[in-house]
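A.B. asks: What follows is start-v7.pdb; its format and atoms are PDB, C-alpha atoms.
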```
ATOM      1  CA  TRP H 368      60.691  62.615 -33.455  1.00  0.00           C
ATOM      2  CA  PRO H 369      62.433  60.523 -36.016  1.00  0.00           C
ATOM      3  CA  PRO H 370      60.427  58.353 -38.398  1.00  0.00           C
ATOM      4  CA  SER H 371      61.357  55.256 -36.419  1.00  0.00           C
ATOM      5  CA  ASN H 372      57.863  54.924 -34.921  1.00  0.00           C
ATOM      6  CA  VAL H 373      56.282  54.666 -38.366  1.00  0.00           C
ATOM      7  CA  LEU H 374      59.023  52.354 -39.624  1.00  0.00           C
ATOM      8  CA  LEU H 375      58.594  50.073 -36.598  1.00  0.00           C
ATOM      9  CA  ALA H 376      54.829  50.015 -37.189  1.00  0.00           C
ATOM     10  CA  LEU H 377      55.369  49.138 -40.859  1.00  0.00           C
ATOM     11  CA  ALA H 378      57.738  46.319 -39.867  1.00  0.00           C
ATOM     12  CA  SER H 379      55.091  44.926 -37.500  1.00  0.00           C
ATOM     13  CA  PHE H 380      52.484  45.283 -40.241  1.00  0.00           C
ATOM     14  CA  ALA H 381      54.730  43.432 -42.719  1.00  0.00           C
ATOM     15  CA  GLU H 382      55.293  40.588 -40.280  1.00  0.00           C
ATOM     16  CA  GLY H 383      51.588  40.351 -39.429  1.00  0.00           C
ATOM     17  CA  SER H 384      50.609  40.436 -43.095  1.00  0.00           C
ATOM     18  CA  ALA H 385      53.095  37.670 -43.933  1.00  0.00           C
ATOM     19  CA  GLU H 386      51.829  35.524 -41.055  1.00  0.00           C
ATOM     20  CA  ALA H 387      48.262  36.035 -42.285  1.00  0.00           C
ATOM     21  CA  GLY H 388      49.308  34.954 -45.764  1.00  0.00           C
ATOM     22  CA  ASP H 389      49.064  38.373 -47.412  1.00  0.00           C
ATOM     23  CA  LEU H 390      52.520  38.373 -48.961  1.00  0.00           C
ATOM     24  CA  LYS H 391      51.680  41.282 -51.270  1.00  0.00           C
ATOM     25  CA  GLN H 392      51.036  43.657 -48.358  1.00  0.00           C
ATOM     26  CA  ALA H 393      54.085  42.337 -46.529  1.00  0.00           C
ATOM     27  CA  GLU H 394      56.230  43.042 -49.587  1.00  0.00           C
ATOM     28  CA  GLN H 395      54.748  46.524 -50.047  1.00  0.00           C
ATOM     29  CA  ALA H 396      55.448  47.441 -46.439  1.00  0.00           C
ATOM     30  CA  THR H 397      59.002  46.076 -46.652  1.00  0.00           C
ATOM     31  CA  SER H 398      59.588  47.992 -49.899  1.00  0.00           C
ATOM     32  CA  ALA H 399      58.305  51.206 -48.296  1.00  0.00           C
ATOM     33  CA  ILE H 400      60.685  50.755 -45.361  1.00  0.00           C
ATOM     34  CA  LEU H 401      63.603  50.062 -47.691  1.00  0.00           C
ATOM     35  CA  SER H 402      62.812  53.133 -49.819  1.00  0.00           C
ATOM     36  CA  HIS H 403      62.673  55.352 -46.755  1.00  0.00           C
ATOM     37  CA  VAL H 404      65.894  53.967 -45.272  1.00  0.00           C
ATOM     38  CA  LEU H 405      67.787  54.398 -48.539  1.00  0.00           C
ATOM     39  CA  GLU H 406      66.531  57.982 -48.877  1.00  0.00           C
ATOM     40  CA  MET H 407      67.449  58.662 -45.252  1.00  0.00           C
ATOM     41  CA  ARG H 408      70.917  57.252 -45.903  1.00  0.00           C
ATOM     42  CA  SER H 409      71.381  59.589 -48.882  1.00  0.00           C
ATOM     43  CA  ARG H 410      70.531  62.588 -46.688  1.00  0.00           C
ATOM     44  CA  LEU H 411      72.568  61.692 -43.595  1.00  0.00           C
ATOM     45  CA  GLY H 412      75.703  63.168 -45.160  1.00  0.00           C
ATOM     46  CA  SER H 413      74.216  66.647 -45.399  1.00  0.00           C
ATOM     47  CA  VAL H 414      71.565  66.459 -42.658  1.00  0.00           C
ATOM     48  CA  PRO H 415      73.027  64.486 -39.750  1.00  0.00           C
ATOM     49  CA  LEU H 416      70.948  63.108 -36.915  1.00  0.00           C
ATOM     50  CA  SER H 417      69.950  65.651 -34.281  1.00  0.00           C
ATOM     51  CA  SER H 418      67.649  66.017 -31.290  1.00  0.00           C
ATOM     52  CA  TRP H 419      65.442  62.965 -30.659  1.00  0.00           C
ATOM     53  CA  ALA H 420      66.758  61.106 -33.707  1.00  0.00           C
ATOM     54  CA  GLN H 421      70.308  61.430 -32.395  1.00  0.00           C
ATOM     55  CA  GLN H 422      69.300  60.228 -28.931  1.00  0.00           C
ATOM     56  CA  ARG H 423      67.247  57.329 -30.278  1.00  0.00           C
ATOM     57  CA  TRP H 424      69.343  56.241 -33.258  1.00  0.00           C
ATOM     58  CA  MET H 425      69.206  52.611 -32.169  1.00  0.00           C
ATOM     59  CA  ASP H 426      65.507  52.341 -33.118  1.00  0.00           C
ATOM     60  CA  LEU H 427      66.357  53.369 -36.678  1.00  0.00           C
ATOM     61  CA  ALA H 428      69.286  50.925 -36.658  1.00  0.00           C
ATOM     62  CA  TRP H 429      66.978  48.143 -35.446  1.00  0.00           C
ATOM     63  CA  VAL H 430      64.733  48.768 -38.475  1.00  0.00           C
ATOM     64  CA  VAL H 431      67.744  48.531 -40.802  1.00  0.00           C
ATOM     65  CA  GLU H 432      68.710  45.244 -39.128  1.00  0.00           C
ATOM     66  CA  TRP H 433      65.118  44.061 -39.583  1.00  0.00           C
ATOM     67  CA  LEU H 434      65.487  44.738 -43.316  1.00  0.00           C
ATOM     68  CA  LEU H 435      68.779  42.854 -43.467  1.00  0.00           C
ATOM     69  CA  ASP H 436      67.088  39.894 -41.780  1.00  0.00           C
ATOM     70  CA  ARG H 437      64.738  39.740 -44.793  1.00  0.00           C
ATOM     71  CA  SER H 438      67.609  39.135 -47.246  1.00  0.00           C
ATOM     72  CA  PRO H 439      67.888  37.013 -49.475  1.00  0.00           C
ATOM     73  CA  ALA H 440      64.099  36.536 -49.609  1.00  0.00           C
ATOM     74  CA  HIS H 441      63.776  40.145 -50.801  1.00  0.00           C
ATOM     75  CA  PRO H 442      66.047  40.800 -53.815  1.00  0.00           C
ATOM     76  CA  ALA H 443      65.852  44.591 -53.360  1.00  0.00           C
ATOM     77  CA  VAL H 444      67.159  44.236 -49.807  1.00  0.00           C
ATOM     78  CA  THR H 445      69.922  41.903 -50.978  1.00  0.00           C
ATOM     79  CA  LYS H 446      70.879  44.339 -53.749  1.00  0.00           C
ATOM     80  CA  ASN H 447      71.241  47.146 -51.178  1.00  0.00           C
ATOM     81  CA  THR H 448      73.005  45.212 -48.423  1.00  0.00           C
ATOM     82  CA  SER H 449      76.187  47.302 -48.558  1.00  0.00           C
ATOM     83  CA  GLU H 450      74.156  50.542 -48.433  1.00  0.00           C
ATOM     84  CA  LEU H 451      72.202  49.228 -45.458  1.00  0.00           C
ATOM     85  CA  LEU H 452      75.388  48.264 -43.617  1.00  0.00           C
ATOM     86  CA  HIS H 453      76.788  51.722 -44.344  1.00  0.00           C
ATOM     87  CA  THR H 454      73.555  53.210 -42.973  1.00  0.00           C
ATOM     88  CA  LEU H 455      74.048  51.281 -39.731  1.00  0.00           C
ATOM     89  CA  ALA H 456      77.577  52.655 -39.409  1.00  0.00           C
ATOM     90  CA  LEU H 457      76.343  56.207 -40.077  1.00  0.00           C
ATOM     91  CA  LEU H 458      73.559  55.925 -37.519  1.00  0.00           C
ATOM     92  CA  HIS H 459      76.012  54.713 -34.892  1.00  0.00           C
ATOM     93  CA  ALA H 460      78.555  57.422 -35.748  1.00  0.00           C
ATOM     94  CA  GLN H 461      75.949  60.214 -35.666  1.00  0.00           C
ATOM     95  CA  GLY H 462      73.909  58.878 -32.767  1.00  0.00           C
ATOM     96  CA  TYR H 463      74.369  59.774 -29.136  1.00  0.00           C
ATOM     97  CA  ASP H 464      77.025  57.565 -27.542  1.00  0.00           C
ATOM     98  CA  ARG H 465      75.093  55.613 -24.904  1.00  0.00           C
ATOM     99  CA  GLU H 466      78.124  53.429 -24.193  1.00  0.00           C
ATOM    100  CA  ALA H 467      80.106  56.499 -23.105  1.00  0.00           C
ATOM    101  CA  TYR H 468      77.076  57.767 -21.180  1.00  0.00           C
ATOM    102  CA  PHE H 469      76.645  54.588 -19.130  1.00  0.00           C
ATOM    103  CA  GLU H 470      80.396  54.258 -18.538  1.00  0.00           C
ATOM    104  CA  GLN H 471      81.009  57.900 -17.545  1.00  0.00           C
ATOM    105  CA  PRO H 472      82.346  58.708 -14.095  1.00  0.00           C
ATOM    106  CA  GLY H 473      79.990  60.400 -11.670  1.00  0.00           C
ATOM    107  CA  PRO H 474      76.228  59.976 -11.277  1.00  0.00           C
ATOM    108  CA  LEU H 475      74.211  59.315 -14.421  1.00  0.00           C
ATOM    109  CA  GLY H 476      71.588  61.875 -13.413  1.00  0.00           C
ATOM    110  CA  ALA H 477      74.179  64.667 -13.424  1.00  0.00           C
ATOM    111  CA  SER H 478      74.557  64.330 -17.192  1.00  0.00           C
ATOM    112  CA  GLY H 479      72.576  66.580 -19.499  1.00  0.00           C
ATOM    113  CA  ASN H 480      71.388  63.487 -21.384  1.00  0.00           C
ATOM    114  CA  SER H 481      69.541  61.702 -18.617  1.00  0.00           C
ATOM    115  CA  HIS H 482      65.953  61.944 -19.909  1.00  0.00           C
ATOM    116  CA  ASN H 483      64.472  58.696 -18.599  1.00  0.00           C
ATOM    117  CA  VAL H 484      62.904  57.635 -21.920  1.00  0.00           C
ATOM    118  CA  ASN H 485      66.161  58.191 -23.807  1.00  0.00           C
ATOM    119  CA  VAL H 486      67.971  56.189 -21.128  1.00  0.00           C
ATOM    120  CA  ALA H 487      65.405  53.381 -21.494  1.00  0.00           C
ATOM    121  CA  GLN H 488      65.812  53.359 -25.261  1.00  0.00           C
ATOM    122  CA  GLY H 489      69.575  53.477 -24.858  1.00  0.00           C
ATOM    123  CA  LEU H 490      69.529  50.245 -22.880  1.00  0.00           C
ATOM    124  CA  LYS H 491      69.402  48.365 -26.189  1.00  0.00           C
ATOM    125  CA  SER H 492      72.316  50.135 -27.869  1.00  0.00           C
ATOM    126  CA  THR H 493      74.802  47.344 -27.155  1.00  0.00           C
ATOM    127  CA  ALA H 494      72.405  44.688 -28.485  1.00  0.00           C
ATOM    128  CA  VAL H 495      71.835  46.674 -31.671  1.00  0.00           C
ATOM    129  CA  LEU H 496      75.574  47.301 -32.062  1.00  0.00           C
ATOM    130  CA  PHE H 497      76.409  43.634 -31.532  1.00  0.00           C
ATOM    131  CA  ARG H 498      74.060  42.536 -34.306  1.00  0.00           C
ATOM    132  CA  PHE H 499      75.954  44.464 -36.978  1.00  0.00           C
ATOM    133  CA  ASN H 500      79.411  44.381 -35.395  1.00  0.00           C
ATOM    134  CA  ALA H 501      79.971  41.273 -33.273  1.00  0.00           C
ATOM    135  CA  SER H 502      83.528  42.362 -32.463  1.00  0.00           C
ATOM    136  CA  TYR H 503      82.436  45.783 -31.102  1.00  0.00           C
ATOM    137  CA  THR H 504      83.979  46.779 -27.791  1.00  0.00           C
ATOM    138  CA  PHE H 505      83.991  49.937 -25.708  1.00  0.00           C
ATOM    139  CA  ASP H 506      86.938  50.479 -23.388  1.00  0.00           C
ATOM    140  CA  GLY H 507      87.797  46.812 -23.946  1.00  0.00           C
ATOM    141  CA  ARG H 508      84.353  45.595 -22.834  1.00  0.00           C
ATOM    142  CA  THR H 509      82.056  43.440 -24.945  1.00  0.00           C
ATOM    143  CA  PRO H 510      78.425  44.382 -25.581  1.00  0.00           C
ATOM    144  CA  ARG H 511      77.334  41.697 -23.095  1.00  0.00           C
ATOM    145  CA  GLU H 512      79.614  43.149 -20.399  1.00  0.00           C
ATOM    146  CA  LEU H 513      78.434  46.676 -21.177  1.00  0.00           C
ATOM    147  CA  ALA H 514      74.772  45.644 -20.946  1.00  0.00           C
ATOM    148  CA  LEU H 515      75.278  43.964 -17.575  1.00  0.00           C
ATOM    149  CA  ARG H 516      77.268  46.933 -16.236  1.00  0.00           C
ATOM    150  CA  ARG H 517      74.637  49.490 -17.229  1.00  0.00           C
ATOM    151  CA  MET H 518      71.846  47.497 -15.627  1.00  0.00           C
ATOM    152  CA  ALA H 519      73.842  47.080 -12.414  1.00  0.00           C
ATOM    153  CA  ARG H 520      74.709  50.771 -12.392  1.00  0.00           C
ATOM    154  CA  LEU H 521      71.129  51.912 -12.897  1.00  0.00           C
ATOM    155  CA  ASP H 522      69.997  49.599 -10.105  1.00  0.00           C
ATOM    156  CA  ARG H 523      72.761  50.764  -7.777  1.00  0.00           C
ATOM    157  CA  GLU H 524      72.211  54.498  -8.384  1.00  0.00           C
ATOM    158  CA  VAL H 525      68.502  54.892  -9.040  1.00  0.00           C
ATOM    159  CA  GLY H 526      66.922  51.409  -8.934  1.00  0.00           C
ATOM    160  CA  LEU H 527      63.402  50.825  -7.670  1.00  0.00           C
ATOM    161  CA  PRO H 528      61.868  47.707  -6.059  1.00  0.00           C
ATOM    162  CA  SER H 529      59.737  47.300  -9.203  1.00  0.00           C
ATOM    163  CA  GLY H 530      62.836  46.527 -11.266  1.00  0.00           C
ATOM    164  CA  MET H 531      62.748  49.910 -12.986  1.00  0.00           C
ATOM    165  CA  TYR H 532      64.721  52.999 -12.084  1.00  0.00           C
ATOM    166  CA  ASN H 533      63.785  56.480 -10.887  1.00  0.00           C
ATOM    167  CA  GLY H 534      63.119  58.939 -13.642  1.00  0.00           C
ATOM    168  CA  ASP H 535      60.188  61.296 -13.259  1.00  0.00           C
ATOM    169  CA  GLU H 536      61.276  62.948 -16.513  1.00  0.00           C
ATOM    170  CA  PHE H 537      65.041  62.863 -15.820  1.00  0.00           C
ATOM    171  CA  LEU H 538      67.176  60.575 -13.697  1.00  0.00           C
ATOM    172  CA  PRO H 539      67.414  62.168 -10.264  1.00  0.00           C
ATOM    173  CA  SER H 540      70.456  64.212  -9.352  1.00  0.00           C
ATOM    174  CA  PRO H 541      71.702  63.534  -6.782  1.00  0.00           C
ATOM    175  CA  PRO H 542      70.960  59.828  -7.294  1.00  0.00           C
ATOM    176  CA  THR H 543      68.229  58.350  -5.124  1.00  0.00           C
ATOM    177  CA  ARG H 544      66.498  55.002  -4.881  1.00  0.00           C
ATOM    178  CA  SER H 545      63.526  56.521  -3.062  1.00  0.00           C
ATOM    179  CA  PRO H 546      60.304  55.110  -4.532  1.00  0.00           C
ATOM    180  CA  SER H 547      58.613  58.475  -3.958  1.00  0.00           C
ATOM    181  CA  ARG H 548      60.286  59.719  -7.153  1.00  0.00           C
ATOM    182  CA  GLY H 549      58.955  57.017  -9.490  1.00  0.00           C
ATOM    183  CA  ILE H 550      59.244  56.513 -13.243  1.00  0.00           C
ATOM    184  CA  GLU H 551      56.969  57.703 -16.028  1.00  0.00           C
ATOM    185  CA  LEU H 552      55.103  55.102 -18.067  1.00  0.00           C
ATOM    186  CA  CYS H 553      56.918  56.056 -21.287  1.00  0.00           C
ATOM    187  CA  GLY H 554      60.198  54.995 -19.664  1.00  0.00           C
ATOM    188  CA  VAL H 555      58.681  51.656 -18.645  1.00  0.00           C
ATOM    189  CA  ALA H 556      57.348  50.987 -22.164  1.00  0.00           C
ATOM    190  CA  GLU H 557      60.671  51.852 -23.802  1.00  0.00           C
ATOM    191  CA  ALA H 558      62.617  49.744 -21.308  1.00  0.00           C
ATOM    192  CA  ILE H 559      60.387  46.751 -22.114  1.00  0.00           C
ATOM    193  CA  TRP H 560      61.110  47.267 -25.812  1.00  0.00           C
ATOM    194  CA  SER H 561      64.848  47.501 -25.094  1.00  0.00           C
ATOM    195  CA  TYR H 562      64.790  44.301 -23.043  1.00  0.00           C
ATOM    196  CA  ALA H 563      63.034  42.538 -25.926  1.00  0.00           C
ATOM    197  CA  CYS H 564      65.841  43.452 -28.312  1.00  0.00           C
TER     198      CYS H 564
END
```
Turn this file's structure into C-alpha cells for me.

C.D. replies:
Amino acid sequence: WPPSNVLLALASFAEGSAEAGDLKQAEQATSAILSHVLEMRSRLGSVPLSSWAQQRWMDLAWVVEWLLDRSPAHPAVTKNTSELLHTLALLHAQGYDREAYFEQPGPLGASGNSHNVNVAQGLKSTAVLFRFNASYTFDGRTPRELALRRMARLDREVGLPSGMYNGDEFLPSPPTRSPSRGIELCGVAEAIWSYAC
C-alpha cells in the first residue's frame, strides 16, 4: 500500500492538534507530510507509481491538496508550491485512469481493474482533479458531468437498494443488481470517503 494512509492520519492529527490549540504539533505533522511528499516527488521520476499506489493515486493527491490549502500560513508549503503542483500532475499522469475506466464501453466488471475498493476510491478522482485543474475535461465532459455519469452507470449496472453497488471483491461480470452478491465493508468505507471529497 502507498503511504497515503499514514499521510491522511497525519493530516487528521494536524487538524485536530490545531483545533485543540497545540500549534506546535500541528506544524510538526504538516512539516512531516511536506517532507515526505517532496521526497516522494523526487523519486517519482525513477520509481513511478505501481500496484496499489497507481490505483489509489487520488488519495496521495488529496494529501498534496491538503498541504496547498495550508499556504500561505505555512511558509515552507508556500515556498514549495510549484513542486507540489508538479507532484499533483505526476500523480495524475502515473495513476490509473479512472475517467477512462468509468467511460469505457462494455460492462465495468469485465475490466481487469474492477476491484470494488479501487472503484470506490476512484469515485473521487474527478473531484481531486477539479481542485488542481478546474478546466479539466475528459472526452469533452467536465468533472461534474463525469461524476454524475459514473454514479448513474454504477447504479444501472451493479447498483444495490442500499445505495452501494455489488462488489464482493470485484464488480460482478456479467453485471448484476442482485442483492445476494453484496459489497464488502472496505468498499463501503472507501465510497463514504470519496463522497466526502

A.B. asks: I need the residue set behind the PyMOL selection byres ((chain H and resi 426) around 9) for this file; please write it as a compact mmCIF listing (two decimals) with C-alpha atoms, in the coordinates of the input.

C.D. replies:
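Output file expr29.txt is given in full below:
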```txt
# COMPACT_ATOMS: atom_id res chain seq x y z
CA SER H 371 61.36 55.26 -36.42
CA ASN H 372 57.86 54.92 -34.92
CA LEU H 375 58.59 50.07 -36.60
CA ALA H 420 66.76 61.11 -33.71
CA ARG H 423 67.25 57.33 -30.28
CA TRP H 424 69.34 56.24 -33.26
CA MET H 425 69.21 52.61 -32.17
CA LEU H 427 66.36 53.37 -36.68
CA ALA H 428 69.29 50.92 -36.66
CA TRP H 429 66.98 48.14 -35.45
CA VAL H 430 64.73 48.77 -38.48
CA VAL H 431 67.74 48.53 -40.80
CA GLN H 488 65.81 53.36 -25.26
CA LYS H 491 69.40 48.36 -26.19
CA SER H 492 72.32 50.14 -27.87
CA VAL H 495 71.83 46.67 -31.67
```

A.B. asks: Please indicate the distance in Å from atom CA of H:Arg544 to atom CA of H:Tyr532, rounded to one decimal place.

C.D. replies: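 Atom CA of H:Tyr532 lies 7.7 Å from atom CA of H:Arg544.
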
A.B. asks: Evaluated on this file, the PyMOL selection byres ((chain H and resi 419) around 10) picks out some residues - which ones are they, written as a CSV table (one decimal) with C-alpha atoms, in the coordinates of the input?

C.D. replies:
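That gives us out.csv:
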```csv
chain,number,residue,atom,x,y,z
H,368,TRP,CA,60.7,62.6,-33.5
H,369,PRO,CA,62.4,60.5,-36.0
H,416,LEU,CA,70.9,63.1,-36.9
H,417,SER,CA,70.0,65.7,-34.3
H,418,SER,CA,67.6,66.0,-31.3
H,420,ALA,CA,66.8,61.1,-33.7
H,421,GLN,CA,70.3,61.4,-32.4
H,422,GLN,CA,69.3,60.2,-28.9
H,423,ARG,CA,67.2,57.3,-30.3
H,424,TRP,CA,69.3,56.2,-33.3
H,462,GLY,CA,73.9,58.9,-32.8
H,463,TYR,CA,74.4,59.8,-29.1
H,485,ASN,CA,66.2,58.2,-23.8
```

A.B. asks: So what do you get for atom CA of H:Leu434 versus atom CA of H:Leu451, distance-wise?

C.D. replies: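 Rounded to one decimal, the two atoms are 8.4 Å apart.
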
A.B. asks: For each of H:Gly526, H:Gly507, H:Leu496, H:Pro539, take the minimum atom-to-atom distance to H:Ser478, counting all atoms listed in the file, then give the residue where this is smallest.

C.D. replies: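 The shortest atom-to-atom distance to H:Ser478 comes from H:Pro539.
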
A.B. asks: In Å to one decimal, how far is atom CA of H:Leu390 from atom CA of H:Leu374?

C.D. replies: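 Here the two named atoms are 18.0 Å from each other.
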